[in-house]
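Here's entry_38.txt, which has compact mmCIF, C-alpha atoms:
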```
# COMPACT_ATOMS: atom_id res chain seq x y z
CA MET A 7 -174.51 -94.41 -165.39
CA ALA A 8 -175.99 -93.44 -162.03
CA SER A 9 -179.40 -91.86 -161.90
CA ARG A 10 -179.81 -88.21 -161.04
CA ARG A 11 -181.57 -89.28 -157.85
CA ALA A 12 -178.61 -91.46 -156.76
CA ILE A 13 -176.19 -88.63 -157.45
CA LYS A 14 -178.31 -86.16 -155.49
CA ALA A 15 -178.58 -88.57 -152.56
CA ALA A 16 -174.80 -88.98 -152.47
CA GLU A 17 -174.33 -85.21 -152.60
CA THR A 18 -176.62 -84.85 -149.61
CA ARG A 19 -175.08 -87.66 -147.55
CA ILE A 20 -171.49 -86.60 -148.18
CA GLY A 21 -172.44 -82.94 -147.71
CA ILE A 22 -173.79 -83.70 -144.23
CA LEU A 23 -170.70 -85.78 -143.45
CA GLU A 24 -168.35 -83.00 -144.55
CA ALA A 25 -170.31 -80.44 -142.52
CA THR A 26 -169.92 -82.70 -139.49
CA LEU A 27 -166.17 -83.12 -140.01
CA ALA A 28 -165.77 -79.35 -140.24
CA ARG A 29 -167.67 -78.82 -136.98
CA LEU A 30 -165.63 -81.53 -135.25
CA ASP A 31 -162.55 -79.40 -135.88
CA GLU A 32 -164.07 -76.89 -133.46
CA ARG A 33 -165.82 -78.90 -130.75
CA PRO A 34 -166.99 -82.41 -129.81
CA LEU A 35 -169.99 -84.05 -131.43
CA ALA A 36 -171.96 -84.10 -128.18
CA SER A 37 -172.11 -80.30 -128.21
CA ILE A 38 -173.24 -80.06 -131.84
CA SER A 39 -176.96 -80.37 -132.52
CA ALA A 40 -178.45 -82.18 -135.48
CA SER A 41 -180.26 -78.98 -136.48
CA GLU A 42 -176.93 -77.15 -136.59
CA LEU A 43 -175.42 -79.81 -138.83
CA ALA A 44 -178.47 -79.70 -141.07
CA ASP A 45 -178.16 -75.93 -141.32
CA VAL A 46 -174.45 -76.06 -142.16
CA ALA A 47 -175.10 -78.73 -144.80
CA GLY A 48 -177.94 -76.67 -146.28
CA VAL A 49 -180.69 -79.22 -145.69
CA SER A 50 -183.80 -79.33 -143.55
CA PRO A 51 -183.84 -81.22 -140.23
CA ALA A 52 -186.31 -83.65 -141.79
CA THR A 53 -183.89 -84.36 -144.64
CA PHE A 54 -181.04 -84.77 -142.15
CA PHE A 55 -182.90 -87.43 -140.17
CA ASN A 56 -184.02 -89.14 -143.36
CA TYR A 57 -180.36 -89.84 -144.13
CA PHE A 58 -179.01 -90.14 -140.58
CA PRO A 59 -181.32 -91.32 -137.78
CA SER A 60 -178.73 -90.11 -135.26
CA LYS A 61 -175.41 -88.25 -135.21
CA ASP A 62 -173.68 -91.56 -134.48
CA HIS A 63 -174.83 -92.80 -137.88
CA ILE A 64 -172.69 -90.07 -139.46
CA LEU A 65 -169.64 -91.47 -137.65
CA ALA A 66 -170.66 -94.94 -138.78
CA LEU A 67 -170.65 -93.77 -142.40
CA PHE A 68 -167.24 -92.17 -141.93
CA VAL A 69 -165.84 -95.42 -140.47
CA GLN A 70 -167.23 -97.40 -143.40
CA LEU A 71 -165.78 -94.94 -145.91
CA TRP A 72 -162.41 -94.95 -144.14
CA THR A 73 -162.14 -98.73 -144.19
CA ILE A 74 -163.11 -98.92 -147.85
CA GLU A 75 -160.47 -96.32 -148.71
CA MET A 76 -157.89 -98.32 -146.74
CA ALA A 77 -158.89 -101.50 -148.56
CA TRP A 78 -158.45 -99.67 -151.86
CA ARG A 79 -154.97 -98.51 -150.85
CA VAL A 80 -153.98 -101.99 -149.67
CA SER A 81 -155.15 -103.51 -152.97
CA ARG A 82 -152.67 -101.29 -154.79
CA HIS A 83 -149.77 -101.86 -152.42
CA PRO A 84 -147.05 -104.39 -153.42
CA GLU A 85 -148.07 -107.89 -152.28
CA ASN A 86 -144.54 -108.60 -151.07
CA ASP A 87 -144.74 -105.80 -148.48
CA PRO A 88 -147.71 -106.70 -146.25
CA LEU A 89 -146.32 -104.97 -143.15
CA GLY A 90 -145.77 -101.86 -145.22
CA ALA A 91 -149.41 -102.04 -146.24
CA ILE A 92 -150.46 -101.96 -142.58
CA GLU A 93 -148.13 -99.02 -141.98
CA LEU A 94 -149.68 -97.29 -144.98
CA MET A 95 -153.16 -97.76 -143.54
CA LEU A 96 -152.23 -96.08 -140.28
CA ALA A 97 -150.15 -93.37 -141.97
CA SER A 98 -153.14 -92.50 -144.14
CA THR A 99 -155.29 -92.39 -141.02
CA ALA A 100 -152.82 -89.96 -139.43
CA GLU A 101 -152.99 -87.81 -142.55
CA ARG A 102 -156.78 -87.81 -142.39
CA SER A 103 -156.55 -86.88 -138.71
CA ASP A 104 -154.33 -83.92 -139.57
CA GLU A 105 -157.08 -82.72 -141.91
CA HIS A 106 -159.77 -83.12 -139.22
CA PRO A 107 -158.13 -83.34 -135.77
CA GLY A 108 -161.34 -84.04 -133.87
CA VAL A 109 -162.62 -86.96 -135.86
CA LEU A 110 -160.40 -89.77 -134.53
CA ALA A 111 -161.27 -89.01 -130.93
CA GLU A 112 -164.94 -89.21 -131.87
CA ILE A 113 -164.39 -92.51 -133.67
CA VAL A 114 -162.67 -94.00 -130.62
CA ALA A 115 -165.59 -92.86 -128.45
CA TYR A 116 -168.05 -94.17 -131.04
CA GLN A 117 -166.41 -97.60 -131.06
CA THR A 118 -166.94 -97.90 -127.30
CA ARG A 119 -170.67 -97.22 -127.49
CA HIS A 120 -171.90 -98.20 -130.95
CA HIS A 121 -174.57 -100.84 -131.21
CA PHE A 122 -175.09 -100.85 -134.94
CA GLY A 123 -175.09 -104.02 -136.96
CA ARG A 124 -176.69 -105.15 -140.15
CA GLU A 125 -179.13 -102.23 -140.10
CA LEU A 126 -176.34 -99.92 -141.28
CA THR A 127 -176.69 -99.03 -144.94
CA PRO A 128 -173.38 -99.52 -146.80
CA PRO A 129 -172.06 -96.56 -148.80
CA THR A 130 -173.29 -96.48 -152.38
CA ASP A 131 -171.07 -96.36 -155.45
CA GLU A 132 -171.93 -92.68 -155.79
CA ASP A 133 -170.98 -92.02 -152.16
CA LEU A 134 -167.55 -93.50 -152.86
CA ARG A 135 -167.05 -91.64 -156.12
CA ARG A 136 -167.99 -88.35 -154.50
CA MET A 137 -165.87 -88.88 -151.39
CA PHE A 138 -162.84 -90.28 -153.22
CA PRO A 139 -162.84 -88.83 -156.75
CA ASP A 140 -159.16 -89.69 -157.26
CA CYS A 141 -159.45 -93.36 -156.24
CA GLU A 142 -160.07 -95.16 -159.51
CA ASP A 143 -162.51 -98.09 -159.32
CA ILE A 144 -162.92 -97.70 -155.54
CA GLU A 145 -166.56 -98.75 -155.92
CA GLN A 146 -165.29 -102.27 -156.66
CA VAL A 147 -163.87 -102.65 -153.13
CA SER A 148 -165.85 -104.83 -150.72
CA ARG A 149 -168.19 -102.87 -148.45
CA GLN A 150 -167.31 -105.33 -145.66
CA ALA A 151 -163.75 -104.00 -145.32
CA GLY A 152 -162.55 -103.27 -141.79
CA LEU A 153 -159.49 -103.66 -139.57
CA GLU A 154 -160.59 -107.19 -138.71
CA THR A 155 -160.82 -108.14 -142.39
CA LEU A 156 -157.81 -106.18 -143.68
CA VAL A 157 -155.07 -106.72 -141.11
CA PRO A 158 -155.04 -110.48 -140.29
CA PRO A 159 -154.55 -111.57 -143.95
CA LEU A 160 -151.64 -109.13 -144.22
CA LEU A 161 -150.08 -110.53 -141.05
CA LYS A 162 -150.49 -114.09 -142.34
CA ARG A 163 -148.87 -113.04 -145.61
CA ALA A 164 -145.96 -111.54 -143.64
CA VAL A 165 -145.50 -114.90 -141.89
CA GLU A 166 -145.56 -116.74 -145.23
CA LEU A 167 -142.90 -114.39 -146.62
CA GLY A 168 -140.70 -114.76 -143.55
CA HIS A 169 -141.10 -111.14 -142.48
CA LEU A 170 -142.59 -112.40 -139.22
CA ARG A 171 -141.65 -115.61 -137.43
CA VAL A 172 -143.60 -118.73 -138.25
CA ASP A 173 -144.76 -118.97 -134.62
CA THR A 174 -146.16 -115.43 -134.62
CA PRO A 175 -149.57 -115.38 -132.87
CA VAL A 176 -151.45 -113.56 -135.62
CA ASP A 177 -154.57 -113.00 -133.52
CA LEU A 178 -152.60 -111.37 -130.72
CA VAL A 179 -150.53 -109.26 -133.10
CA PHE A 180 -153.75 -108.09 -134.75
CA ALA A 181 -155.07 -107.15 -131.30
CA ALA A 182 -151.88 -105.14 -130.76
CA VAL A 183 -152.32 -103.34 -134.10
CA ALA A 184 -155.92 -102.48 -133.17
CA THR A 185 -154.75 -101.24 -129.77
CA ILE A 186 -152.20 -98.99 -131.46
CA PHE A 187 -154.85 -97.69 -133.85
CA PHE A 188 -157.35 -96.81 -131.13
CA GLY A 189 -154.91 -95.94 -128.33
CA ALA A 190 -152.35 -93.70 -130.06
CA PRO A 191 -154.88 -90.94 -130.89
CA VAL A 192 -155.81 -90.67 -127.20
CA LEU A 193 -152.14 -90.43 -126.19
CA VAL A 194 -151.28 -87.88 -128.87
CA ARG A 195 -154.14 -85.59 -127.83
CA GLN A 196 -152.57 -85.40 -124.38
CA THR A 197 -149.10 -84.36 -125.49
CA GLU A 198 -147.65 -81.77 -127.84
CA SER A 199 -144.34 -83.59 -128.29
CA LEU A 200 -145.67 -86.43 -130.43
CA THR A 201 -147.42 -86.64 -133.78
CA LEU A 202 -149.90 -89.36 -134.62
CA GLU A 203 -147.88 -90.56 -137.61
CA VAL A 204 -144.75 -90.96 -135.48
CA ALA A 205 -146.72 -92.74 -132.75
CA PHE A 206 -148.25 -95.13 -135.25
CA THR A 207 -145.04 -95.86 -137.13
CA THR A 208 -142.83 -96.25 -134.05
CA GLN A 209 -145.16 -98.64 -132.26
CA LEU A 210 -145.76 -100.73 -135.38
CA ARG A 211 -142.03 -101.06 -135.99
CA TRP A 212 -141.52 -102.17 -132.37
CA LEU A 213 -144.25 -104.75 -132.86
CA TRP A 214 -142.70 -106.04 -136.10
CA ASP A 215 -139.26 -106.22 -134.49
CA ALA A 216 -140.65 -108.26 -131.60
CA HIS A 217 -141.81 -110.93 -134.06
CA ALA A 218 -139.21 -110.45 -136.80
CA GLY A 219 -138.57 -113.43 -139.01
CA PRO A 220 -135.23 -114.81 -140.19
CA THR A 221 -135.22 -112.77 -143.39
CA PRO A 222 -135.05 -108.94 -143.53
CA ARG A 223 -138.02 -107.00 -144.84
```

Let me see the file written as structure tokens.
Amino acid sequence: MASRRAIKAAETRIGILEATLARLDERPLASISASELADVAGVSPATFFNYFPSKDHILALFVQLWTIEMAWRVSRHPENDPLGAIELMLASTAERSDEHPGVLAEIVAYQTRHHFGRELTPPTDEDLRRMFPDCEDIEQVSRQAGLETLVPPLLKRAVELGHLRVDTPVDLVFAAVATIFFGAPVLVRQTESLTLEVAFTTQLRWLWDAHAGPTPR
């Protein structure tokens, strides 16, 4: 059982993250001060900076949590439907974006400027339990999960099953999936005639069709 201190730390970290997500629904991160986020989360500025040296570190935590949740979902998806697992990942991302419309734009911007590496502290078991109370055993998922670790194995599995052609360039198809993930949110924010889920699904299906194997999926 987790210690009271570990539980309290997770409450504080996730509380600050949730306060940030709420504010991002209203305006961009650049216009939100750390002191404002600390106030909304009900902590002191000193406590805020103890957990997050910068506002970008909050986005880094969100990205880590998102990828772990996606890994958890993929682990429970049928192994004979790897392309469906990728579609599920992006559909879940669209759903999360509907909950907090501003967060994906911030993540795309963060990815272009981040310089974090091994100094990032992975989410704790208590962070995961608090953020995803309905995801049973999510703390058992690797903390190293990410698009680059999740998607290529699924593409290779699709080739093995004949869902994609044997000559499919997996590295290039992965690059296309990543481009869809990071590019569609920018496009959708500029038009009112397209939803993120439709943009994700349509472009993925076009990609699959371009490399379709001899057997139907």

Exercise for the section: Figure out the distance between CA of Asp133 in chain A and CA of Glu17 in chain A, please, to one decimal in Å. Expected result: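 Computed distance, CA of Glu17 in chain A to CA of Asp133 in chain A, equals 7.6 Å.
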
Practice task
Quote the spacing between CA of Ser39 in chain A and CA of Thr197 in chain A in Å to one decimal place.
Solution key: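 Between CA of Ser39 in chain A and CA of Thr197 in chain A the gap works out to 29.0 Å.
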
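Proximity to Ala16 in chain A was assessed for A:Asp45, A:Asp140, A:Asp104, A:Glu132 counting only C-alpha atoms; the smallest distance is recorded for A:Glu132.
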
For range 21-98 of chain A versus range 142-164 of chain A, which residues have an atom no more than 8 Å away, and what is each residue's nearest atom pair and distance in Å rounded to one decimal, using only C-alpha atoms, chain-then-number order, as a Markdown table?
```
| residue | atom | partner | partner_atom | distance |
| --- | --- | --- | --- | --- |
| A:Gln70 | CA | A:Arg149 | CA | 7.5 |
| A:Thr73 | CA | A:Gly152 | CA | 5.2 |
| A:Ile74 | CA | A:Ala151 | CA | 5.7 |
| A:Glu75 | CA | A:Ile144 | CA | 7.4 |
| A:Ala77 | CA | A:Ala151 | CA | 6.4 |
| A:Trp78 | CA | A:Ile144 | CA | 6.1 |
| A:Asp87 | CA | A:Ala164 | CA | 7.6 |
| A:Pro88 | CA | A:Leu160 | CA | 5.0 |
| A:Leu89 | CA | A:Ala164 | CA | 6.6 |
| A:Ala91 | CA | A:Leu160 | CA | 7.7 |
| A:Ile92 | CA | A:Val157 | CA | 6.8 |
```

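Of the listed residues A:Arg82, A:Arg171, A:Arg33, A:Arg136, the one whose atoms come nearest to Pro107 in chain A is A:Arg33, with distances taken using all atoms listed in the file.
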
Exercise for the section: Could you jot down the CA of Ser60 in chain A to CA of Met137 in chain A separation for me, Å, one decimal place? Expected result: 20.7 Å

Practice task
Using only C-alpha atoms, find all polymer residues with an atom at most 12 Å away from the point (-167.8, -78.3, -135.0); report them as a list in words.
Solution key: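 Checked against the point, the hits come out as Leu23, Glu24, Ala25, Thr26, Leu27, Ala28, Arg29, Leu30, Asp31, Glu32, Arg33, Pro34, Leu35, Ala36, Ser37, Ile38, Ser39, Ala40, Glu42, Leu43, Val46, His106, Pro107, Gly108, Val109 and Glu112 of chain A.
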
Problem - Nearest-residue call for Ser103 in chain A, choices A:Ile64, A:Ala190, A:Thr18, A:Trp212, using only C-alpha atoms - result: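 Checking each of A:Ile64, A:Ala190, A:Thr18, A:Trp212 against Ser103 in chain A, counting only C-alpha atoms, the winner is A:Ala190.
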
Practice task
Could you give me, as a list in words, the residues within 8 Å of range 181-184 of chain A, counting all atoms listed in the file and dropping anything in the same chain fewer than 4 positions from it?
Solution key: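 What passes the distance filter is Leu153, Asp177, Phe188, Leu210 and Leu213 of chain A.
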
Exercise for the section: Measuring atom to atom with all atoms listed in the file, identify which of A:Leu110, A:Ala97, A:Ala66, A:Leu170 is nearest to Thr127 in chain A. Expected result: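 Checking each candidate against Thr127 in chain A, we get A:Ala66 as the closest.
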
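Distance check against Ala100 in chain A using all atoms listed in the file: of A:Thr201, A:Val69, A:Gly48, A:Trp214, the minimum falls on A:Thr201.
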
Practice task
Determine the nearest neighbour of Phe206 in chain A from the options A:Ala47, A:Asp131, A:His169, A:Glu101, counting all atoms listed in the file.
Solution key: A:Glu101

Export range 57-99 of chain A, N, CA and C atoms, as an mmCIF file, in the first residue's frame; it's the structure right above.
```cif
data_model
loop_
_atom_site.group_PDB
_atom_site.id
_atom_site.type_symbol
_atom_site.label_atom_id
_atom_site.label_comp_id
_atom_site.auth_asym_id
_atom_site.auth_seq_id
_atom_site.Cartn_x
_atom_site.Cartn_y
_atom_site.Cartn_z
ATOM 1 N N TYR A 57 7.298 20.856 -7.570
ATOM 2 C CA TYR A 57 6.818 19.752 -8.401
ATOM 3 C C TYR A 57 7.094 19.972 -9.889
ATOM 4 N N PHE A 58 7.027 21.234 -10.327
ATOM 5 C CA PHE A 58 7.190 21.559 -11.739
ATOM 6 C C PHE A 58 8.130 22.753 -11.891
ATOM 7 N N PRO A 59 9.384 22.506 -12.259
ATOM 8 C CA PRO A 59 10.340 23.603 -12.425
ATOM 9 C C PRO A 59 9.896 24.650 -13.447
ATOM 10 N N SER A 60 9.072 24.244 -14.408
ATOM 11 C CA SER A 60 8.543 25.180 -15.398
ATOM 12 C C SER A 60 7.165 24.702 -15.828
ATOM 13 N N LYS A 61 6.421 25.567 -16.515
ATOM 14 C CA LYS A 61 5.106 25.178 -17.011
ATOM 15 C C LYS A 61 5.225 24.072 -18.056
ATOM 16 N N ASP A 62 6.324 24.069 -18.808
ATOM 17 C CA ASP A 62 6.518 23.013 -19.803
ATOM 18 C C ASP A 62 6.598 21.638 -19.152
ATOM 19 N N HIS A 63 7.072 21.586 -17.910
ATOM 20 C CA HIS A 63 7.142 20.289 -17.227
ATOM 21 C C HIS A 63 5.744 19.725 -16.951
ATOM 22 N N ILE A 64 4.753 20.597 -16.853
ATOM 23 C CA ILE A 64 3.376 20.116 -16.694
ATOM 24 C C ILE A 64 2.942 19.428 -17.983
ATOM 25 N N LEU A 65 3.239 20.036 -19.126
ATOM 26 C CA LEU A 65 2.913 19.414 -20.405
ATOM 27 C C LEU A 65 3.664 18.095 -20.564
ATOM 28 N N ALA A 66 4.909 18.068 -20.099
ATOM 29 C CA ALA A 66 5.688 16.831 -20.187
ATOM 30 C C ALA A 66 5.012 15.711 -19.397
ATOM 31 N N LEU A 67 4.505 16.037 -18.213
ATOM 32 C CA LEU A 67 3.789 15.034 -17.418
ATOM 33 C C LEU A 67 2.542 14.571 -18.154
ATOM 34 N N PHE A 68 1.812 15.510 -18.749
ATOM 35 C CA PHE A 68 0.599 15.133 -19.471
ATOM 36 C C PHE A 68 0.928 14.191 -20.621
ATOM 37 N N VAL A 69 2.003 14.491 -21.370
ATOM 38 C CA VAL A 69 2.403 13.636 -22.487
ATOM 39 C C VAL A 69 2.753 12.234 -21.988
ATOM 40 N N GLN A 70 3.481 12.166 -20.881
ATOM 41 C CA GLN A 70 3.840 10.857 -20.327
ATOM 42 C C GLN A 70 2.590 10.085 -19.901
ATOM 43 N N LEU A 71 1.664 10.766 -19.236
ATOM 44 C CA LEU A 71 0.431 10.115 -18.799
ATOM 45 C C LEU A 71 -0.393 9.649 -19.997
ATOM 46 N N TRP A 72 -0.457 10.493 -21.034
ATOM 47 C CA TRP A 72 -1.226 10.134 -22.227
ATOM 48 C C TRP A 72 -0.655 8.876 -22.862
ATOM 49 N N THR A 73 0.658 8.815 -23.022
ATOM 50 C CA THR A 73 1.244 7.657 -23.689
ATOM 51 C C THR A 73 1.082 6.384 -22.866
ATOM 52 N N ILE A 74 1.135 6.504 -21.551
ATOM 53 C CA ILE A 74 0.929 5.335 -20.700
ATOM 54 C C ILE A 74 -0.518 4.845 -20.809
ATOM 55 N N GLU A 75 -1.458 5.794 -20.839
ATOM 56 C CA GLU A 75 -2.856 5.400 -21.013
ATOM 57 C C GLU A 75 -3.054 4.701 -22.362
ATOM 58 N N MET A 76 -2.418 5.230 -23.420
ATOM 59 C CA MET A 76 -2.545 4.611 -24.737
ATOM 60 C C MET A 76 -1.949 3.203 -24.733
ATOM 61 N N ALA A 77 -0.802 3.048 -24.066
ATOM 62 C CA ALA A 77 -0.191 1.721 -23.971
ATOM 63 C C ALA A 77 -1.119 0.758 -23.244
ATOM 64 N N TRP A 78 -1.788 1.233 -22.218
ATOM 65 C CA TRP A 78 -2.729 0.400 -21.471
ATOM 66 C C TRP A 78 -3.885 -0.032 -22.377
ATOM 67 N N ARG A 79 -4.407 0.904 -23.174
ATOM 68 C CA ARG A 79 -5.512 0.578 -24.076
ATOM 69 C C ARG A 79 -5.063 -0.425 -25.144
ATOM 70 N N VAL A 80 -3.875 -0.210 -25.685
ATOM 71 C CA VAL A 80 -3.360 -1.114 -26.709
ATOM 72 C C VAL A 80 -3.184 -2.519 -26.142
ATOM 73 N N SER A 81 -2.725 -2.625 -24.904
ATOM 74 C CA SER A 81 -2.497 -3.934 -24.293
ATOM 75 C C SER A 81 -3.788 -4.726 -24.138
ATOM 76 N N ARG A 82 -4.910 -4.052 -24.157
ATOM 77 C CA ARG A 82 -6.202 -4.716 -24.005
ATOM 78 C C ARG A 82 -6.967 -4.826 -25.319
ATOM 79 N N HIS A 83 -6.352 -4.376 -26.385
ATOM 80 C CA HIS A 83 -6.985 -4.464 -27.702
ATOM 81 C C HIS A 83 -6.627 -5.812 -28.333
ATOM 82 N N PRO A 84 -7.537 -6.403 -29.113
ATOM 83 C CA PRO A 84 -7.253 -7.700 -29.750
ATOM 84 C C PRO A 84 -5.950 -7.672 -30.549
ATOM 85 N N GLU A 85 -5.098 -8.672 -30.347
ATOM 86 C CA GLU A 85 -3.802 -8.718 -31.020
ATOM 87 C C GLU A 85 -3.934 -8.870 -32.528
ATOM 88 N N ASN A 86 -5.062 -9.381 -32.993
ATOM 89 C CA ASN A 86 -5.235 -9.587 -34.435
ATOM 90 C C ASN A 86 -5.791 -8.346 -35.135
ATOM 91 N N ASP A 87 -5.831 -7.222 -34.429
ATOM 92 C CA ASP A 87 -6.315 -5.969 -35.022
ATOM 93 C C ASP A 87 -5.348 -4.826 -34.705
ATOM 94 N N PRO A 88 -4.088 -4.924 -35.151
ATOM 95 C CA PRO A 88 -3.101 -3.904 -34.802
ATOM 96 C C PRO A 88 -3.412 -2.520 -35.380
ATOM 97 N N LEU A 89 -3.968 -2.475 -36.592
ATOM 98 C CA LEU A 89 -4.310 -1.173 -37.163
ATOM 99 C C LEU A 89 -5.472 -0.542 -36.404
ATOM 100 N N GLY A 90 -6.374 -1.382 -35.938
ATOM 101 C CA GLY A 90 -7.462 -0.881 -35.104
ATOM 102 C C GLY A 90 -6.947 -0.315 -33.792
ATOM 103 N N ALA A 91 -5.868 -0.903 -33.282
ATOM 104 C CA ALA A 91 -5.274 -0.393 -32.045
ATOM 105 C C ALA A 91 -4.716 1.005 -32.253
ATOM 106 N N ILE A 92 -4.092 1.243 -33.406
ATOM 107 C CA ILE A 92 -3.583 2.583 -33.706
ATOM 108 C C ILE A 92 -4.739 3.563 -33.850
ATOM 109 N N GLU A 93 -5.798 3.131 -34.526
ATOM 110 C CA GLU A 93 -6.978 3.989 -34.658
ATOM 111 C C GLU A 93 -7.572 4.303 -33.287
ATOM 112 N N LEU A 94 -7.570 3.322 -32.400
ATOM 113 C CA LEU A 94 -8.078 3.530 -31.047
ATOM 114 C C LEU A 94 -7.255 4.574 -30.308
ATOM 115 N N MET A 95 -5.940 4.523 -30.463
ATOM 116 C CA MET A 95 -5.067 5.488 -29.814
ATOM 117 C C MET A 95 -5.427 6.913 -30.215
ATOM 118 N N LEU A 96 -5.610 7.118 -31.517
ATOM 119 C CA LEU A 96 -5.894 8.471 -31.989
ATOM 120 C C LEU A 96 -7.331 8.884 -31.684
ATOM 121 N N ALA A 97 -8.263 7.914 -31.705
ATOM 122 C CA ALA A 97 -9.643 8.233 -31.346
ATOM 123 C C ALA A 97 -9.735 8.647 -29.879
ATOM 124 N N SER A 98 -8.974 7.969 -29.023
ATOM 125 C CA SER A 98 -8.953 8.329 -27.608
ATOM 126 C C SER A 98 -8.337 9.710 -27.406
ATOM 127 N N THR A 99 -7.325 10.018 -28.227
ATOM 128 C CA THR A 99 -6.719 11.342 -28.172
ATOM 129 C C THR A 99 -7.733 12.410 -28.577
#
```
